[in-house]
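Read the structure below first, then the notes.
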Amino acid sequence: MTGKLRLTVFLLSLFAFVASCILISCEGDNDKIDYKPTPFTFPTLPDFPSKMNIPKDNPMTVEGVELGRHLFYDGRLSGRTHPDSLMSCATCHIQSKAFEVGIDHPRFSGGHPRGIPSIEYPEGKPTPHMMLPVVNVVFNNSGYMWNGFLESSNNATSMPGYDFTGVEDLNFRNLEAFTYMAIVAEHEMRGSIAKTVAAIESDPMYREMFRKAFGTEEITADKISKAISQFVRSIISYRSRYHKWLRNEAELTESELRGHDLFFSEDADCFHCHGGTALLTSFEYFNNAKDAAFNDSRDRHSITKNLWDIGAYRAPSLINIELTGPYMHDGRFKTLDEVIDFYSEGLVYSPYVHPLMKFVHDGGVRLTDDEKADLKAFLLTLTDHELLTDPKYAAPEAIRQWLAH
Amino acid sequence: MSKPVLSAFALIATFLLVSCDDSNDPQTGRIEFTFHHEVDGEPVIFNEMRYANAAGNQYEITEVQWFISDVALVTKNGAEVSLYKDGFAHYIDTNIPETAMWKPSDRLPAGNYPAIKFTFGLKGEKNQPGTFPDLPESNMIWPYPMGGDNGGYHYMKLNGFWMNTSEQRMPFNFHLGVGQVYDAEDKVVEFVQNWFEVILPADINIQDDKTTGVHLFMNIESWFDTPVVYDHNNFGGMVMKNQEAMGIIAQNGKDAFEARVQIISN
């Protein structure tokens, strides 16, 4: 560095120092005078990714996560108060089902969620795709949804058929947009942003919670979405027997170990798409040879326009896979046995199949019955039973009481 | 740390920096790599069945993902100047265009370097699980049943399709990593390291306060010939459990690389 350049850098730094001192001395925002949120911390997880997807404009705090937990479970998120019209995130993302709806749900038959009923859809409009897990999403830096619609490169500022009036700085780059989409989508809450904000404002409890989380009592759509996103990001699943085995805290049976080795072998070849030691997903998109013809307007191709992405979808995390049926983007398989049979004998060739489906011309990897049993035994070790009852992810008492009234 | 403390720290650090006498600073420059993938001297056109290898297999390429590691410039005397400040390896993925550029933060002594040296893949002692916890590198995992100890990472995934003798478009996963030797009961009795070192003549001239660009080419057709003609019909679509195939790939790959140099103005 030349002497002249260094002098310039020094003078600029001096200016920045003086300016920052002046700026700090002028901070007199009385609304935020006792706004001291506590940074949220995650447990140390050696086998998990180190990069977390936490936007700079929505840092996680204990208070933000707690507010988000209340909103996540609050049926007034639908903008309604009549008991028959309440819907929250937790209506479909049920803790005991690993935050999916569960295949045995009394209202959403076959595990296929539906929106709030309307005249056109008396049973509620079904969602275009099945659900994806909302656990460990903080580790996903590669876009959300089956087709990756919500990703950092998405420059869209509107969606046909969706009315986002009331949302400032609308973008579809991260989890925050999910809340907006859920509120207005016909196949979810079928509401409006304004009514949701009004419904949440109507409960005095929230004013103090918003102040603690964001520094002011003002309730906005932006803060609602940020708080819910914080809570969702806080949901991590790391206490399955498989995870404990990785940490040398538990043993697997002989059959489970054989299933593990099959999973991570060329013979069953699950790991190329469901790789990543802790999450068992590559977060990538594959045409996995389910079909020979394609007509879904929401596949990966709809995002990238690449021909080879026709019929391609996200390879989901297999953590808690026992509870997250039905399987595939369209829920065509009801059980894990059906899924294993599909990969063993049911593959179908198309010009768009991903080359990692290298046994496609044999119909699949051709597992024996014993191998299928071992593979299933391993997949069942991925269930995190502690997640399903962990109080920090459960419905808050205040929301339970409100619902009881 | 509060803003005033941070600012004060920055101010003091800057002052100390400025106060240093720079009259004896060694002359240093930087290097910038651009990675290219070609077939028969032309950039790869992906997802089109347009190539033929030495065995006569028609083939197409979907993606190429690989590690280059332990990169060093070699002096006239044979000494090596390593690039290490950003880690020992760089990952290249044709699905992620930004990985085709790599500008290490190392500052290299100015001078002439007649060759560049690197490892294709990852040397055994560095190929350890958990080295790359995050995407995209973490998707290169090479499981322990096929890699020994606790596994490691693929050196390369070259995925695509070839046309077999029945005119079927067959997927291939030309994956290279730690190989295995199996006994009659299909138990692994030995692991084989398939990484290899490459030394390329490059005539790299590092100049003070300038960046020298090195264009590194992978000639994909070379994986399928010299010294051994590789026929997809012999080995099928997968090779991770086939050391014979991986051994041929490792032999063939040693002449698959080429470097070209340019000076980039800062």
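Within each chain, counting starts at residue 1; across the structure tokens, chains are named A, B, ... in the order shown, with ligands numbered 1 upward in that order.
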
Contacts of Thr381 of chain A at 12 Å (only C-alpha atoms; same-chain gap of 6+ positions) as a PyMOL selection string: chain A and resi 238-246+250-253+255-257+259-260+318-323+374-375

Could you turn the residues from that selection into a file that holds N, CA and C atoms, as a PDB file, in the first residue's frame?
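Contents of selection34.pdb, as written:
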ATOM      1  N   TYR A 238     -32.708 -32.916  16.149  1.00  0.00           N
ATOM      2  CA  TYR A 238     -31.348 -33.460  16.249  1.00  0.00           C
ATOM      3  C   TYR A 238     -31.241 -34.546  17.307  1.00  0.00           C
ATOM      4  N   ARG A 239     -32.412 -35.047  17.750  1.00  0.00           N
ATOM      5  CA  ARG A 239     -32.362 -36.015  18.848  1.00  0.00           C
ATOM      6  C   ARG A 239     -32.949 -37.374  18.466  1.00  0.00           C
ATOM      7  N   SER A 240     -32.968 -37.660  17.169  1.00  0.00           N
ATOM      8  CA  SER A 240     -33.378 -39.006  16.756  1.00  0.00           C
ATOM      9  C   SER A 240     -32.311 -40.004  17.206  1.00  0.00           C
ATOM     10  N   ARG A 241     -32.638 -41.283  17.166  1.00  0.00           N
ATOM     11  CA  ARG A 241     -31.617 -42.295  17.516  1.00  0.00           C
ATOM     12  C   ARG A 241     -30.460 -42.233  16.540  1.00  0.00           C
ATOM     13  N   TYR A 242     -30.757 -41.939  15.296  1.00  0.00           N
ATOM     14  CA  TYR A 242     -29.681 -41.815  14.297  1.00  0.00           C
ATOM     15  C   TYR A 242     -28.725 -40.685  14.679  1.00  0.00           C
ATOM     16  N   HIS A 243     -29.306 -39.526  15.027  1.00  0.00           N
ATOM     17  CA  HIS A 243     -28.446 -38.407  15.420  1.00  0.00           C
ATOM     18  C   HIS A 243     -27.634 -38.754  16.668  1.00  0.00           C
ATOM     19  N   LYS A 244     -28.287 -39.417  17.614  1.00  0.00           N
ATOM     20  CA  LYS A 244     -27.565 -39.800  18.844  1.00  0.00           C
ATOM     21  C   LYS A 244     -26.476 -40.819  18.522  1.00  0.00           C
ATOM     22  N   TRP A 245     -26.762 -41.702  17.583  1.00  0.00           N
ATOM     23  CA  TRP A 245     -25.736 -42.685  17.170  1.00  0.00           C
ATOM     24  C   TRP A 245     -24.532 -41.959  16.549  1.00  0.00           C
ATOM     25  N   LEU A 246     -24.827 -40.942  15.743  1.00  0.00           N
ATOM     26  CA  LEU A 246     -23.719 -40.167  15.170  1.00  0.00           C
ATOM     27  C   LEU A 246     -22.853 -39.551  16.259  1.00  0.00           C
ATOM     28  N   ALA A 250     -25.958 -43.364  21.356  1.00  0.00           N
ATOM     29  CA  ALA A 250     -26.942 -44.453  21.250  1.00  0.00           C
ATOM     30  C   ALA A 250     -26.386 -45.523  20.321  1.00  0.00           C
ATOM     31  N   GLU A 251     -26.993 -46.692  20.389  1.00  0.00           N
ATOM     32  CA  GLU A 251     -26.602 -47.802  19.524  1.00  0.00           C
ATOM     33  C   GLU A 251     -27.695 -48.031  18.484  1.00  0.00           C
ATOM     34  N   LEU A 252     -27.316 -48.565  17.340  1.00  0.00           N
ATOM     35  CA  LEU A 252     -28.293 -49.034  16.361  1.00  0.00           C
ATOM     36  C   LEU A 252     -28.223 -50.563  16.334  1.00  0.00           C
ATOM     37  N   THR A 253     -29.338 -51.183  15.992  1.00  0.00           N
ATOM     38  CA  THR A 253     -29.358 -52.644  15.906  1.00  0.00           C
ATOM     39  C   THR A 253     -28.608 -53.092  14.655  1.00  0.00           C
ATOM     40  N   SER A 255     -29.756 -54.777  12.181  1.00  0.00           N
ATOM     41  CA  SER A 255     -30.586 -54.500  11.001  1.00  0.00           C
ATOM     42  C   SER A 255     -30.523 -53.018  10.632  1.00  0.00           C
ATOM     43  N   GLU A 256     -30.602 -52.151  11.629  1.00  0.00           N
ATOM     44  CA  GLU A 256     -30.529 -50.708  11.361  1.00  0.00           C
ATOM     45  C   GLU A 256     -29.169 -50.327  10.763  1.00  0.00           C
ATOM     46  N   LEU A 257     -28.120 -50.951  11.278  1.00  0.00           N
ATOM     47  CA  LEU A 257     -26.784 -50.657  10.727  1.00  0.00           C
ATOM     48  C   LEU A 257     -26.658 -51.135   9.281  1.00  0.00           C
ATOM     49  N   GLY A 259     -29.098 -51.350   7.266  1.00  0.00           N
ATOM     50  CA  GLY A 259     -29.897 -50.381   6.510  1.00  0.00           C
ATOM     51  C   GLY A 259     -29.135 -49.089   6.276  1.00  0.00           C
ATOM     52  N   HIS A 260     -28.405 -48.651   7.286  1.00  0.00           N
ATOM     53  CA  HIS A 260     -27.566 -47.453   7.135  1.00  0.00           C
ATOM     54  C   HIS A 260     -26.542 -47.644   6.027  1.00  0.00           C
ATOM     55  N   LEU A 318     -34.919 -36.442   5.136  1.00  0.00           N
ATOM     56  CA  LEU A 318     -35.598 -37.665   5.576  1.00  0.00           C
ATOM     57  C   LEU A 318     -35.714 -37.757   7.099  1.00  0.00           C
ATOM     58  N   ILE A 319     -35.255 -36.742   7.795  1.00  0.00           N
ATOM     59  CA  ILE A 319     -35.420 -36.745   9.249  1.00  0.00           C
ATOM     60  C   ILE A 319     -36.914 -36.744   9.568  1.00  0.00           C
ATOM     61  N   ASN A 320     -37.336 -37.636  10.433  1.00  0.00           N
ATOM     62  CA  ASN A 320     -38.746 -37.829  10.815  1.00  0.00           C
ATOM     63  C   ASN A 320     -39.602 -38.355   9.665  1.00  0.00           C
ATOM     64  N   ILE A 321     -38.994 -39.012   8.710  1.00  0.00           N
ATOM     65  CA  ILE A 321     -39.723 -39.442   7.517  1.00  0.00           C
ATOM     66  C   ILE A 321     -40.876 -40.383   7.867  1.00  0.00           C
ATOM     67  N   GLU A 322     -40.756 -41.091   8.961  1.00  0.00           N
ATOM     68  CA  GLU A 322     -41.831 -41.991   9.393  1.00  0.00           C
ATOM     69  C   GLU A 322     -43.156 -41.248   9.545  1.00  0.00           C
ATOM     70  N   LEU A 323     -43.067 -39.968   9.937  1.00  0.00           N
ATOM     71  CA  LEU A 323     -44.278 -39.210  10.278  1.00  0.00           C
ATOM     72  C   LEU A 323     -44.730 -38.265   9.178  1.00  0.00           C
ATOM     73  N   ASP A 374     -34.216 -53.947   6.170  1.00  0.00           N
ATOM     74  CA  ASP A 374     -33.099 -53.248   6.823  1.00  0.00           C
ATOM     75  C   ASP A 374     -33.154 -51.748   6.537  1.00  0.00           C
ATOM     76  N   LEU A 375     -33.439 -51.424   5.289  1.00  0.00           N
ATOM     77  CA  LEU A 375     -33.499 -50.009   4.920  1.00  0.00           C
ATOM     78  C   LEU A 375     -34.614 -49.298   5.686  1.00  0.00           C
TER      79      LEU A 375
END

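Close contacts of Asn219 of chain B, defined as residues with an atom at most 12 Å away when counting only C-alpha atoms, with chain neighbours fewer than 4 positions off set aside, comprise Phe35, His36, His37, Glu38, Val39, Asp40, Gly41, Glu42, Pro43, Val44, Asn53, Val64, Trp223, Phe224, Asp225, Asn252, Gly253, Lys254, Asp255, Ala256, Phe257, Glu258 and Ala259 of chain B.
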
Pick from B:Met140, B:Met246, B:Val228, B:Ile199 nearest to chain A, counting only C-alpha atoms: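 Using only C-alpha atoms, chain A sits closest to B:Met140.
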
Which residue of B:Ile220, B:Met163, B:Ala72, B:Met156 approaches Gly56 of chain B most closely, using only C-alpha atoms: B:Met163

Long-range neighbours of Asn139 of chain B as a list in words, 7 Å cut-off, only C-alpha atoms, 4 positions minimum in chain: Gly275, Gly276 and Ser282 of chain A; Leu135 of chain B

Selection: 9 Å around Pro143 of chain B, only C-alpha atoms, excl. self and same-chain fewer than 6 positions, as a ChimeraX atom specification: /A:261,264-265,271 /B:129,150-153

Distance query Ser237 of chain A at most 9 Å, only C-alpha atoms, self and fewer than 5 positions along chain excluded, as a PyMOL selection string: chain A and resi 98+135-136+243+279+319-320+383-384+386-387

Would you mind exporting C-alpha atoms of the selected residues as a PDB file, in the first residue's frame?
ATOM      1  CA  ALA A  98     -43.070 -33.548  13.128  1.00  0.00           C
ATOM      2  CA  VAL A 135     -37.940 -28.558  10.884  1.00  0.00           C
ATOM      3  CA  ASN A 136     -34.268 -27.763  10.365  1.00  0.00           C
ATOM      4  CA  HIS A 243     -28.446 -38.407  15.420  1.00  0.00           C
ATOM      5  CA  LEU A 279     -30.164 -33.758   7.471  1.00  0.00           C
ATOM      6  CA  ILE A 319     -35.420 -36.745   9.249  1.00  0.00           C
ATOM      7  CA  ASN A 320     -38.746 -37.829  10.815  1.00  0.00           C
ATOM      8  CA  THR A 383     -37.697 -40.146  14.121  1.00  0.00           C
ATOM      9  CA  ASP A 384     -36.978 -37.513  16.746  1.00  0.00           C
ATOM     10  CA  GLU A 386     -38.255 -35.594  21.755  1.00  0.00           C
ATOM     11  CA  LEU A 387     -39.100 -33.011  19.105  1.00  0.00           C
TER      12      LEU A 387
END

Who sits within 9 Å of Tyr113 of chain B, only C-alpha atoms, same chain under 4 positions skipped, as a PyMOL selection string: chain B and resi 73-76+201-206

Expected file contents, prior selection, N, CA and C atoms, as a PDB file, in the first residue's frame:
ATOM      1  N   LEU B  73       2.345 -22.757  -6.724  1.00  0.00           N
ATOM      2  CA  LEU B  73       3.155 -22.351  -7.870  1.00  0.00           C
ATOM      3  C   LEU B  73       4.559 -22.907  -7.669  1.00  0.00           C
ATOM      4  N   VAL B  74       5.159 -23.350  -8.751  1.00  0.00           N
ATOM      5  CA  VAL B  74       6.477 -23.979  -8.668  1.00  0.00           C
ATOM      6  C   VAL B  74       7.514 -23.030  -9.251  1.00  0.00           C
ATOM      7  N   THR B  75       8.586 -22.782  -8.481  1.00  0.00           N
ATOM      8  CA  THR B  75       9.650 -21.887  -8.953  1.00  0.00           C
ATOM      9  C   THR B  75      10.611 -22.647  -9.873  1.00  0.00           C
ATOM     10  N   LYS B  76      11.526 -21.861 -10.477  1.00  0.00           N
ATOM     11  CA  LYS B  76      12.515 -22.488 -11.364  1.00  0.00           C
ATOM     12  C   LYS B  76      13.353 -23.521 -10.613  1.00  0.00           C
ATOM     13  N   PRO B 201       2.984 -27.104 -16.974  1.00  0.00           N
ATOM     14  CA  PRO B 201       3.785 -25.939 -17.369  1.00  0.00           C
ATOM     15  C   PRO B 201       2.851 -24.752 -17.570  1.00  0.00           C
ATOM     16  N   ALA B 202       3.245 -23.584 -17.042  1.00  0.00           N
ATOM     17  CA  ALA B 202       2.279 -22.491 -17.090  1.00  0.00           C
ATOM     18  C   ALA B 202       2.903 -21.116 -17.344  1.00  0.00           C
ATOM     19  N   ASP B 203       4.192 -20.929 -17.095  1.00  0.00           N
ATOM     20  CA  ASP B 203       4.845 -19.638 -17.309  1.00  0.00           C
ATOM     21  C   ASP B 203       4.064 -18.502 -16.645  1.00  0.00           C
ATOM     22  N   ILE B 204       3.908 -18.631 -15.355  1.00  0.00           N
ATOM     23  CA  ILE B 204       3.134 -17.641 -14.597  1.00  0.00           C
ATOM     24  C   ILE B 204       4.070 -16.546 -14.095  1.00  0.00           C
ATOM     25  N   ASN B 205       3.746 -15.323 -14.407  1.00  0.00           N
ATOM     26  CA  ASN B 205       4.563 -14.191 -13.989  1.00  0.00           C
ATOM     27  C   ASN B 205       3.764 -13.355 -12.987  1.00  0.00           C
ATOM     28  N   ILE B 206       4.119 -13.448 -11.729  1.00  0.00           N
ATOM     29  CA  ILE B 206       3.437 -12.662 -10.696  1.00  0.00           C
ATOM     30  C   ILE B 206       4.104 -11.294 -10.616  1.00  0.00           C
TER      31      ILE B 206
END

Polymer residues at most 12 Å from Lys187 of chain B, only C-alpha atoms, same-chain spacing of 5 or more positions, as an MDAnalysis selection string: chainID B and resid 145:146 148 180:182 241

Per residue of segment 311-365 of chain A within 12 Å of segment 110-122 of chain A, which atom pair is closest and at what distance in Å (one decimal), using only C-alpha atoms, listed by chain and increasing number, as JSON lines?
{"residue": "A:Leu323", "atom": "CA", "partner": "A:Gly111", "partner_atom": "CA", "distance": 10.5}
{"residue": "A:Thr324", "atom": "CA", "partner": "A:Gly111", "partner_atom": "CA", "distance": 8.8}
{"residue": "A:Gly325", "atom": "CA", "partner": "A:Gly111", "partner_atom": "CA", "distance": 7.1}
{"residue": "A:Pro326", "atom": "CA", "partner": "A:Gly111", "partner_atom": "CA", "distance": 6.2}
{"residue": "A:Tyr327", "atom": "CA", "partner": "A:Gly111", "partner_atom": "CA", "distance": 9.7}
{"residue": "A:Met328", "atom": "CA", "partner": "A:His112", "partner_atom": "CA", "distance": 11.8}
{"residue": "A:His329", "atom": "CA", "partner": "A:His112", "partner_atom": "CA", "distance": 10.7}
{"residue": "A:Asp330", "atom": "CA", "partner": "A:His112", "partner_atom": "CA", "distance": 9.0}
{"residue": "A:Gly331", "atom": "CA", "partner": "A:His112", "partner_atom": "CA", "distance": 7.7}
{"residue": "A:Arg332", "atom": "CA", "partner": "A:Gly110", "partner_atom": "CA", "distance": 10.0}
{"residue": "A:Phe333", "atom": "CA", "partner": "A:Gly110", "partner_atom": "CA", "distance": 10.2}
{"residue": "A:Lys334", "atom": "CA", "partner": "A:Gly110", "partner_atom": "CA", "distance": 7.9}
{"residue": "A:Thr335", "atom": "CA", "partner": "A:Gly110", "partner_atom": "CA", "distance": 11.0}

Nearest to chain B, chosen from A:Tyr35, A:Phe294, A:Phe283, A:Tyr393, with only C-alpha atoms counted in the distances: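 Nearest candidate to chain B out of A:Tyr35, A:Phe294, A:Phe283, A:Tyr393: A:Phe283.
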